[in-house]
file final11.pdb (PDB, C-alpha atoms, pLDDT in the B column)
ATOM      1  CA  PRO I1319      -4.363  23.603 -15.323  1.00 46.00           C
ATOM      2  CA  ALA I1320      -6.124  23.101 -12.000  1.00 51.00           C
ATOM      3  CA  TYR I1321      -4.352  19.770 -11.533  1.00 50.00           C
ATOM      4  CA  ALA I1322      -0.963  21.481 -11.821  1.00 49.00           C
ATOM      5  CA  LYS I1323      -1.981  24.058  -9.197  1.00 50.00           C
ATOM      6  CA  LYS I1324      -2.762  21.261  -6.757  1.00 50.00           C
ATOM      7  CA  LEU I1325       0.645  19.683  -7.221  1.00 49.00           C
ATOM      8  CA  GLY I1326       2.607  22.915  -7.388  1.00 51.00           C
ATOM      9  CA  VAL I1327       4.716  24.589 -10.040  1.00 45.00           C
ATOM     10  CA  ASP I1328       7.101  21.634 -10.365  1.00 60.00           C
ATOM     11  CA  ILE I1329       4.441  19.555 -12.126  1.00 61.00           C
ATOM     12  CA  ASP I1330       4.550  22.028 -15.025  1.00 64.00           C
ATOM     13  CA  GLN I1331       8.259  21.349 -15.404  1.00 67.00           C
ATOM     14  CA  LEU I1332       7.613  17.607 -15.373  1.00 63.00           C
ATOM     15  CA  LEU I1333       4.850  17.886 -17.944  1.00 65.00           C
ATOM     16  CA  VAL I1334       7.081  19.683 -20.465  1.00 69.00           C
ATOM     17  CA  SER I1335       9.932  17.212 -19.918  1.00 75.00           C
ATOM     18  CA  PRO I1336      10.312  14.117 -22.109  1.00 77.00           C
ATOM     19  CA  LEU I1337       9.039  11.951 -19.245  1.00 79.00           C
ATOM     20  CA  THR I1338       5.920   9.901 -19.869  1.00 83.00           C
ATOM     21  CA  PRO I1339       3.090   9.884 -17.329  1.00 81.00           C
ATOM     22  CA  GLY I1340       4.137   6.351 -16.361  1.00 86.00           C
ATOM     23  CA  TYR I1341       7.649   7.520 -15.492  1.00 87.00           C
ATOM     24  CA  ILE I1342       6.251  10.428 -13.485  1.00 83.00           C
ATOM     25  CA  MET I1343       3.998   8.062 -11.517  1.00 87.00           C
ATOM     26  CA  ALA I1344       6.893   5.648 -10.951  1.00 90.00           C
ATOM     27  CA  GLY I1345       8.997   8.566  -9.730  1.00 88.00           C
ATOM     28  CA  LYS I1346       6.301   9.370  -7.196  1.00 87.00           C
ATOM     29  CA  ALA I1347       5.771   5.769  -6.062  1.00 92.00           C
ATOM     30  CA  ILE I1348       9.233   4.193  -5.911  1.00 94.00           C
ATOM     31  CA  PRO I1349      10.839   6.515  -3.321  1.00 93.00           C
ATOM     32  CA  GLY I1350       7.905   6.018  -0.965  1.00 93.00           C
ATOM     33  CA  VAL I1351       8.108   2.243  -1.315  1.00 96.00           C
ATOM     34  CA  LEU I1352      11.866   2.273  -0.690  1.00 96.00           C
ATOM     35  CA  VAL I1353      11.495   4.428   2.425  1.00 96.00           C
ATOM     36  CA  ALA I1354       8.682   2.184   3.671  1.00 95.00           C
ATOM     37  CA  VAL I1355      10.804  -0.948   3.194  1.00 97.00           C
ATOM     38  CA  ALA I1356      13.746   0.681   4.984  1.00 97.00           C
ATOM     39  CA  GLN I1357      11.515   1.678   7.904  1.00 97.00           C
ATOM     40  CA  GLY I1358       9.968  -1.799   7.975  1.00 96.00           C
ATOM     41  CA  CYS I1359      13.445  -3.338   8.156  1.00 96.00           C
ATOM     42  CA  ILE I1360      14.372  -1.082  11.069  1.00 97.00           C
ATOM     43  CA  ILE I1361      11.167  -2.028  12.892  1.00 96.00           C
ATOM     44  CA  ALA I1362      11.703  -5.741  12.205  1.00 96.00           C
ATOM     45  CA  LEU I1363      15.289  -5.539  13.478  1.00 97.00           C
ATOM     46  CA  ALA I1364      14.080  -3.776  16.614  1.00 97.00           C
ATOM     47  CA  ALA I1365      11.413  -6.439  17.118  1.00 95.00           C
ATOM     48  CA  VAL I1366      14.012  -9.204  16.909  1.00 96.00           C
ATOM     49  CA  PHE I1367      16.949  -7.638  18.727  1.00 96.00           C
ATOM     50  CA  ALA I1368      15.351  -5.193  21.171  1.00 97.00           C
ATOM     51  CA  TYR I1369      12.215  -7.154  22.066  1.00 95.00           C
ATOM     52  CA  GLY I1370      13.382 -10.709  21.407  1.00 94.00           C
ATOM     53  CA  LEU I1371      10.574 -11.597  19.003  1.00 93.00           C
ATOM     54  CA  PRO I1372      11.594 -14.747  17.125  1.00 92.00           C
ATOM     55  CA  PHE I1373      11.915 -14.526  13.357  1.00 94.00           C
ATOM     56  CA  THR I1374      11.408 -18.054  12.102  1.00 94.00           C
ATOM     57  CA  GLY I1375      10.496 -17.578   8.432  1.00 94.00           C
ATOM     58  CA  SER I1376      12.115 -16.420   5.252  1.00 96.00           C
ATOM     59  CA  ILE I1377      13.641 -12.962   5.122  1.00 96.00           C
ATOM     60  CA  LEU I1378      12.977 -12.953   1.376  1.00 97.00           C
ATOM     61  CA  ALA I1379       9.263 -13.630   1.978  1.00 97.00           C
ATOM     62  CA  PHE I1380       9.109 -10.805   4.535  1.00 97.00           C
ATOM     63  CA  LEU I1381      10.899  -8.343   2.236  1.00 97.00           C
ATOM     64  CA  THR I1382       8.708  -9.365  -0.693  1.00 97.00           C
ATOM     65  CA  GLY I1383       5.654  -8.797   1.493  1.00 97.00           C
ATOM     66  CA  MET I1384       6.887  -5.335   2.446  1.00 97.00           C
ATOM     67  CA  VAL I1385       7.515  -4.400  -1.202  1.00 97.00           C
ATOM     68  CA  CYS I1386       4.097  -5.705  -2.297  1.00 97.00           C
ATOM     69  CA  TYR I1387       2.402  -3.886   0.582  1.00 97.00           C
ATOM     70  CA  GLY I1388       4.321  -0.701  -0.207  1.00 96.00           C
ATOM     71  CA  LEU I1389       3.255  -0.870  -3.849  1.00 96.00           C
ATOM     72  CA  ALA I1390      -0.378  -1.420  -2.847  1.00 97.00           C
ATOM     73  CA  LEU I1391      -0.293   1.571  -0.500  1.00 95.00           C
ATOM     74  CA  ALA I1392       1.504   3.723  -3.064  1.00 95.00           C
ATOM     75  CA  GLY I1393      -1.233   2.854  -5.542  1.00 95.00           C
ATOM     76  CA  ILE I1394      -3.954   3.760  -3.075  1.00 95.00           C
ATOM     77  CA  GLY I1395      -2.200   7.016  -2.192  1.00 93.00           C
ATOM     78  CA  LEU I1396      -1.691   7.971  -5.833  1.00 92.00           C
ATOM     79  CA  PHE I1397      -5.290   7.065  -6.605  1.00 94.00           C
ATOM     80  CA  ILE I1398      -6.562   9.271  -3.780  1.00 93.00           C
ATOM     81  CA  SER I1399      -4.272  12.048  -5.016  1.00 88.00           C
ATOM     82  CA  SER I1400      -5.562  11.617  -8.560  1.00 87.00           C
ATOM     83  CA  VAL I1401      -9.216  11.991  -7.588  1.00 89.00           C
ATOM     84  CA  SER I1402      -8.606  14.897  -5.198  1.00 87.00           C
ATOM     85  CA  SER I1403      -8.795  18.504  -6.320  1.00 82.00           C
ATOM     86  CA  THR I1404      -6.796  19.976  -3.437  1.00 85.00           C
ATOM     87  CA  GLN I1405      -4.148  18.884  -0.993  1.00 85.00           C
ATOM     88  CA  GLN I1406      -6.668  19.097   1.853  1.00 91.00           C
ATOM     89  CA  GLN I1407      -8.985  16.696   0.014  1.00 91.00           C
ATOM     90  CA  ALA I1408      -6.074  14.296  -0.442  1.00 89.00           C
ATOM     91  CA  PHE I1409      -5.245  14.449   3.296  1.00 91.00           C
ATOM     92  CA  LEU I1410      -8.874  13.778   4.207  1.00 94.00           C
ATOM     93  CA  GLY I1411      -9.030  10.969   1.651  1.00 93.00           C
ATOM     94  CA  VAL I1412      -5.986   9.270   3.128  1.00 92.00           C
ATOM     95  CA  PHE I1413      -7.319   9.681   6.662  1.00 92.00           C
ATOM     96  CA  THR I1414     -10.699   8.338   5.562  1.00 93.00           C
ATOM     97  CA  PHE I1415      -8.936   5.296   4.101  1.00 93.00           C
ATOM     98  CA  ILE I1416      -6.349   4.571   6.795  1.00 92.00           C
ATOM     99  CA  SER I1417      -8.580   4.611   9.887  1.00 91.00           C
ATOM    100  CA  PRO I1418     -11.019   1.951   8.669  1.00 92.00           C
ATOM    101  CA  ALA I1419      -8.157   0.036   7.027  1.00 94.00           C
ATOM    102  CA  VAL I1420      -6.432  -0.435  10.381  1.00 93.00           C
ATOM    103  CA  MET I1421      -9.662  -1.292  12.202  1.00 93.00           C
ATOM    104  CA  LEU I1422     -10.728  -3.835   9.559  1.00 92.00           C
ATOM    105  CA  SER I1423      -7.321  -5.435   8.993  1.00 93.00           C
ATOM    106  CA  GLY I1424      -7.383  -8.035  11.726  1.00 91.00           C
ATOM    107  CA  TYR I1425      -4.901  -6.036  13.786  1.00 90.00           C
ATOM    108  CA  VAL I1426      -7.479  -4.957  16.353  1.00 89.00           C
ATOM    109  CA  ALA I1427      -9.925  -7.868  16.147  1.00 90.00           C
ATOM    110  CA  PRO I1428      -9.870 -11.080  14.089  1.00 92.00           C
ATOM    111  CA  VAL I1429     -11.472 -10.720  10.667  1.00 93.00           C
ATOM    112  CA  GLU I1430     -13.390 -13.968  11.274  1.00 93.00           C
ATOM    113  CA  ASN I1431     -15.252 -12.317  14.188  1.00 94.00           C
ATOM    114  CA  MET I1432     -16.475  -9.382  12.071  1.00 93.00           C
ATOM    115  CA  PRO I1433     -19.884  -9.203  10.397  1.00 94.00           C
ATOM    116  CA  LEU I1434     -19.884 -10.670   6.881  1.00 95.00           C
ATOM    117  CA  PHE I1435     -19.940  -7.256   5.167  1.00 95.00           C
ATOM    118  CA  PHE I1436     -16.795  -6.157   7.006  1.00 94.00           C
ATOM    119  CA  GLN I1437     -15.113  -9.471   6.227  1.00 94.00           C
ATOM    120  CA  TRP I1438     -15.617  -8.687   2.531  1.00 94.00           C
ATOM    121  CA  VAL I1439     -14.225  -5.186   3.037  1.00 93.00           C
ATOM    122  CA  ALA I1440     -11.208  -6.707   4.803  1.00 93.00           C
ATOM    123  CA  ARG I1441     -10.550  -8.839   1.717  1.00 93.00           C
ATOM    124  CA  VAL I1442      -9.682  -5.748  -0.331  1.00 93.00           C
ATOM    125  CA  ASN I1443      -7.642  -4.190   2.472  1.00 95.00           C
ATOM    126  CA  PRO I1444      -3.873  -4.515   1.835  1.00 96.00           C
ATOM    127  CA  LEU I1445      -3.065  -4.317   5.552  1.00 95.00           C
ATOM    128  CA  THR I1446      -5.043  -7.515   6.163  1.00 96.00           C
ATOM    129  CA  TYR I1447      -2.682  -9.449   3.920  1.00 96.00           C
ATOM    130  CA  PHE I1448       0.526  -7.820   5.113  1.00 97.00           C
ATOM    131  CA  ILE I1449      -0.341  -8.623   8.730  1.00 95.00           C
ATOM    132  CA  LEU I1450      -0.753 -12.269   7.722  1.00 95.00           C
ATOM    133  CA  VAL I1451       2.620 -12.225   5.932  1.00 97.00           C
ATOM    134  CA  ALA I1452       4.330 -10.571   8.906  1.00 96.00           C
ATOM    135  CA  LYS I1453       2.811 -12.980  11.427  1.00 94.00           C
ATOM    136  CA  GLY I1454       3.632 -15.911   9.202  1.00 96.00           C
ATOM    137  CA  THR I1455       7.254 -14.983   8.623  1.00 96.00           C
ATOM    138  CA  PHE I1456       7.869 -14.092  12.239  1.00 95.00           C
ATOM    139  CA  LEU I1457       6.003 -16.894  13.985  1.00 93.00           C
ATOM    140  CA  ARG I1458       5.026 -19.661  11.544  1.00 94.00           C
ATOM    141  CA  HIS I1459       8.136 -20.382   9.437  1.00 94.00           C
ATOM    142  CA  TYR I1460       6.617 -18.937   6.244  1.00 96.00           C
ATOM    143  CA  GLY I1461       8.650 -19.026   3.084  1.00 95.00           C
ATOM    144  CA  LEU I1462       7.611 -17.585  -0.263  1.00 96.00           C
ATOM    145  CA  ALA I1463       5.361 -20.568  -1.019  1.00 96.00           C
ATOM    146  CA  GLU I1464       3.403 -20.170   2.222  1.00 97.00           C
ATOM    147  CA  ALA I1465       3.255 -16.386   1.874  1.00 97.00           C
ATOM    148  CA  TRP I1466       2.101 -16.443  -1.771  1.00 97.00           C
ATOM    149  CA  PRO I1467      -1.652 -16.702  -0.953  1.00 96.00           C
ATOM    150  CA  PHE I1468      -1.269 -13.358   0.846  1.00 97.00           C
ATOM    151  CA  LEU I1469       1.147 -11.743  -1.630  1.00 97.00           C
ATOM    152  CA  TRP I1470      -0.910 -12.049  -4.789  1.00 97.00           C
ATOM    153  CA  PRO I1471      -3.855 -10.026  -3.373  1.00 97.00           C
ATOM    154  CA  LEU I1472      -1.377  -7.260  -2.502  1.00 97.00           C
ATOM    155  CA  LEU I1473      -0.048  -7.337  -6.057  1.00 97.00           C
ATOM    156  CA  LEU I1474      -3.599  -7.283  -7.419  1.00 97.00           C
ATOM    157  CA  VAL I1475      -4.483  -4.222  -5.320  1.00 97.00           C
ATOM    158  CA  ALA I1476      -1.239  -2.564  -6.463  1.00 96.00           C
ATOM    159  CA  LEU I1477      -1.951  -3.354 -10.116  1.00 97.00           C
ATOM    160  CA  CYS I1478      -5.524  -2.066  -9.962  1.00 96.00           C
ATOM    161  CA  THR I1479      -4.826   1.119  -8.007  1.00 96.00           C
ATOM    162  CA  LEU I1480      -1.635   2.039  -9.868  1.00 95.00           C
ATOM    163  CA  SER I1481      -3.366   1.458 -13.221  1.00 95.00           C
ATOM    164  CA  ALA I1482      -6.363   3.555 -12.183  1.00 95.00           C
ATOM    165  CA  SER I1483      -4.042   6.288 -10.899  1.00 93.00           C
ATOM    166  CA  LEU I1484      -2.099   6.337 -14.162  1.00 91.00           C
ATOM    167  CA  PHE I1485      -5.329   6.493 -16.162  1.00 93.00           C
ATOM    168  CA  LEU I1486      -6.637   9.408 -14.080  1.00 90.00           C
ATOM    169  CA  PHE I1487      -3.276  11.192 -14.197  1.00 84.00           C
ATOM    170  CA  ARG I1488      -3.182  10.917 -17.994  1.00 81.00           C
ATOM    171  CA  ARG I1489      -6.753  12.209 -18.175  1.00 82.00           C
ATOM    172  CA  HIS I1490      -5.906  15.224 -15.971  1.00 74.00           C
ATOM    173  CA  ILE I1491      -2.870  16.277 -17.979  1.00 71.00           C
ATOM    174  CA  ALA I1492      -4.506  15.810 -21.380  1.00 65.00           C
TER
END

call {"tool": "encode", "arguments": {"input": "final11.pdb", "output": "C-alpha cells"}}
result
Amino acid sequence: PAYAKKLGVDIDQLLVSPLTPGYIMAGKAIPGVLVAVAQGCIIALAAVFAYGLPFTGSILAFLTGMVCYGLALAGIGLFISSVSSTQQQAFLGVFTFISPAVMLSGYVAPVENMPLFFQWVARVNPLTYFILVAKGTFLRHYGLAEAWPFLWPLLLVALCTLSASLFLFRRHIA
C-alpha cells in the first residue's frame, strides 16, 4: 500500500508479524522518549555542574516532566506521520509545528503578554507546560504535587495524539 511505501519496506515485515498496531506504535514511540530523557538528563547535568544553575526541586518531578513531555511530542510526531503521505510532508509538518510551538511556549515571551488567541494556542502546546515544570524544579522547589498542574496537560496531549495516531495507523493498514 501507499502507506507502506512511505515508511519503507520494513513496514511490510512488521505488518505480517504477529505484532498489533499498538505494539508497532509503542515500538516507534518508546525509543524516542528514552533518547529524549537521556539527552534531557545530560543537559540538566550540564546546567547544574557546568553553569552552576541551582536545582532546588524534585528530581522525580523533573524526570516525570521529561517523560510526559516526551510522550506528548512522540504523539504529535506520530500523528503528523500518520496524516502525511510522504516523508517530505512529514518533515514540513514537524517544522510547521515546532516553530510556532517554540515561539508560543513562553520561552521567548511570557504567555500572559500574548494576545488572547495565542494564549489559548499556548494552552495546547506541550512545550509551555514542560518549561513551567523545568523552571519550577530548577528554581522554585517543585515536587510532584506542585508540578502536577503542568503534568496532566502533557499527559492529556499525549493521550489524545497517541490515540489519534493509533486510529489513523490502523485505518491506513486496514

call {"tool": "resolve_selection", "arguments": {"input": "final11.pdb", "expression": "the PyMOL selection byres ((chain I and resi 1474) around 12)", "output": "PDB file with C-alpha atoms, keeping the file's coordinate frame"}}
result
ATOM      1  CA  CYS I1386       4.097  -5.705  -2.297  1.00 97.00           C
ATOM      2  CA  TYR I1387       2.402  -3.886   0.582  1.00 97.00           C
ATOM      3  CA  LEU I1389       3.255  -0.870  -3.849  1.00 96.00           C
ATOM      4  CA  ALA I1390      -0.378  -1.420  -2.847  1.00 97.00           C
ATOM      5  CA  LEU I1391      -0.293   1.571  -0.500  1.00 95.00           C
ATOM      6  CA  GLY I1393      -1.233   2.854  -5.542  1.00 95.00           C
ATOM      7  CA  ILE I1394      -3.954   3.760  -3.075  1.00 95.00           C
ATOM      8  CA  ARG I1441     -10.550  -8.839   1.717  1.00 93.00           C
ATOM      9  CA  VAL I1442      -9.682  -5.748  -0.331  1.00 93.00           C
ATOM     10  CA  ASN I1443      -7.642  -4.190   2.472  1.00 95.00           C
ATOM     11  CA  PRO I1444      -3.873  -4.515   1.835  1.00 96.00           C
ATOM     12  CA  TYR I1447      -2.682  -9.449   3.920  1.00 96.00           C
ATOM     13  CA  PRO I1467      -1.652 -16.702  -0.953  1.00 96.00           C
ATOM     14  CA  PHE I1468      -1.269 -13.358   0.846  1.00 97.00           C
ATOM     15  CA  LEU I1469       1.147 -11.743  -1.630  1.00 97.00           C
ATOM     16  CA  TRP I1470      -0.910 -12.049  -4.789  1.00 97.00           C
ATOM     17  CA  PRO I1471      -3.855 -10.026  -3.373  1.00 97.00           C
ATOM     18  CA  LEU I1472      -1.377  -7.260  -2.502  1.00 97.00           C
ATOM     19  CA  LEU I1473      -0.048  -7.337  -6.057  1.00 97.00           C
ATOM     20  CA  VAL I1475      -4.483  -4.222  -5.320  1.00 97.00           C
ATOM     21  CA  ALA I1476      -1.239  -2.564  -6.463  1.00 96.00           C
ATOM     22  CA  LEU I1477      -1.951  -3.354 -10.116  1.00 97.00           C
ATOM     23  CA  CYS I1478      -5.524  -2.066  -9.962  1.00 96.00           C
ATOM     24  CA  THR I1479      -4.826   1.119  -8.007  1.00 96.00           C
ATOM     25  CA  LEU I1480      -1.635   2.039  -9.868  1.00 95.00           C
ATOM     26  CA  SER I1481      -3.366   1.458 -13.221  1.00 95.00           C
TER      27      SER I1481
END

call {"tool": "closest_residue", "arguments": {"input": "final11.pdb", "among": "I:Leu1371, I:Ala1356, I:Ala1408, I:Ala1482", "to": "I:Val1385", "atoms": "only C-alpha atoms"}}
result
I:Ala1356

call {"tool": "atom_distance", "arguments": {"input": "final11.pdb", "atom1": "atom CA of I:Lys1346", "atom2": "atom CA of I:Gln1406"}}
result
18.6 Å

call {"tool": "atom_distance", "arguments": {"input": "final11.pdb", "atom1": "atom CA of I:Val1439", "atom2": "atom CA of I:Val1426"}}
result
14.9 Å

call {"tool": "atom_distance", "arguments": {"input": "final11.pdb", "atom1": "atom CA of I:Phe1373", "atom2": "atom CA of I:Glu1464"}}
result
15.1 Å

call {"tool": "residues_around", "arguments": {"input": "final11.pdb", "residues": "I:Val1429", "least_positions_apart": "5", "cutoff": "10 Å", "atoms": "only C-alpha atoms", "output": "MDAnalysis selection string"}}
result
chainID I and resid 1421:1424 1434 1436:1441 1446

call {"tool": "closest_residue", "arguments": {"input": "final11.pdb", "among": "I:Pro1339, I:Gly1388, I:Gly1383, I:Gly1370", "to": "I:Leu1352", "atoms": "only C-alpha atoms"}}
result
I:Gly1388

call {"tool": "residues_around", "arguments": {"input": "final11.pdb", "residues": "I:Met1384", "least_positions_apart": "4", "cutoff": "9 Å", "atoms": "all atoms listed in the file", "output": "short mmCIF file (atom, residue, chain, number, x, y, z; two decimals) with C-alpha atoms, in the coordinates of the input"}}
result
data_model
loop_
_atom_site.label_atom_id
_atom_site.label_comp_id
_atom_site.auth_asym_id
_atom_site.auth_seq_id
_atom_site.Cartn_x
_atom_site.Cartn_y
_atom_site.Cartn_z
CA VAL I 1351 8.11 2.24 -1.32
CA ALA I 1354 8.68 2.18 3.67
CA VAL I 1355 10.80 -0.95 3.19
CA GLY I 1358 9.97 -1.80 7.98
CA CYS I 1359 13.44 -3.34 8.16
CA ALA I 1379 9.26 -13.63 1.98
CA PHE I 1380 9.11 -10.80 4.54
CA GLY I 1388 4.32 -0.70 -0.21
CA LEU I 1389 3.26 -0.87 -3.85
CA PHE I 1448 0.53 -7.82 5.11
CA VAL I 1451 2.62 -12.22 5.93
CA ALA I 1452 4.33 -10.57 8.91
#

call {"tool": "closest_residue", "arguments": {"input": "final11.pdb", "among": "I:Pro1428, I:Ile1361, I:Pro1433, I:Ser1400", "to": "I:Ile1491", "atoms": "all atoms listed in the file"}}
result
I:Ser1400

call {"tool": "resolve_selection", "arguments": {"input": "final11.pdb", "expression": "the PyMOL selection byres ((chain I and resi 1340) around 12)", "output": "list in words"}}
result
Leu1332, Leu1333, Pro1336, Leu1337, Thr1338, Pro1339, Tyr1341, Ile1342, Met1343, Ala1344, Gly1345, Lys1346, Ala1347, Ile1348, Leu1480, Ser1481, Ala1482, Ser1483, Leu1484, Phe1485, Leu1486, Phe1487 and Arg1488 of chain I

call {"tool": "resolve_selection", "arguments": {"input": "final11.pdb", "expression": "the PyMOL selection byres ((chain I and resi 1412-1414) around 12)", "output": "short mmCIF file (atom, residue, chain, number, x, y, z; two decimals) with C-alpha atoms, in the frame of the given file"}}
result
data_model
loop_
_atom_site.label_atom_id
_atom_site.label_comp_id
_atom_site.auth_asym_id
_atom_site.auth_seq_id
_atom_site.Cartn_x
_atom_site.Cartn_y
_atom_site.Cartn_z
CA LEU I 1391 -0.29 1.57 -0.50
CA ALA I 1392 1.50 3.72 -3.06
CA GLY I 1393 -1.23 2.85 -5.54
CA ILE I 1394 -3.95 3.76 -3.08
CA GLY I 1395 -2.20 7.02 -2.19
CA LEU I 1396 -1.69 7.97 -5.83
CA PHE I 1397 -5.29 7.06 -6.60
CA ILE I 1398 -6.56 9.27 -3.78
CA SER I 1399 -4.27 12.05 -5.02
CA SER I 1400 -5.56 11.62 -8.56
CA VAL I 1401 -9.22 11.99 -7.59
CA SER I 1402 -8.61 14.90 -5.20
CA GLN I 1405 -4.15 18.88 -0.99
CA GLN I 1406 -6.67 19.10 1.85
CA GLN I 1407 -8.98 16.70 0.01
CA ALA I 1408 -6.07 14.30 -0.44
CA PHE I 1409 -5.24 14.45 3.30
CA LEU I 1410 -8.87 13.78 4.21
CA GLY I 1411 -9.03 10.97 1.65
CA PHE I 1415 -8.94 5.30 4.10
CA ILE I 1416 -6.35 4.57 6.80
CA SER I 1417 -8.58 4.61 9.89
CA PRO I 1418 -11.02 1.95 8.67
CA ALA I 1419 -8.16 0.04 7.03
CA VAL I 1420 -6.43 -0.44 10.38
CA MET I 1421 -9.66 -1.29 12.20
#
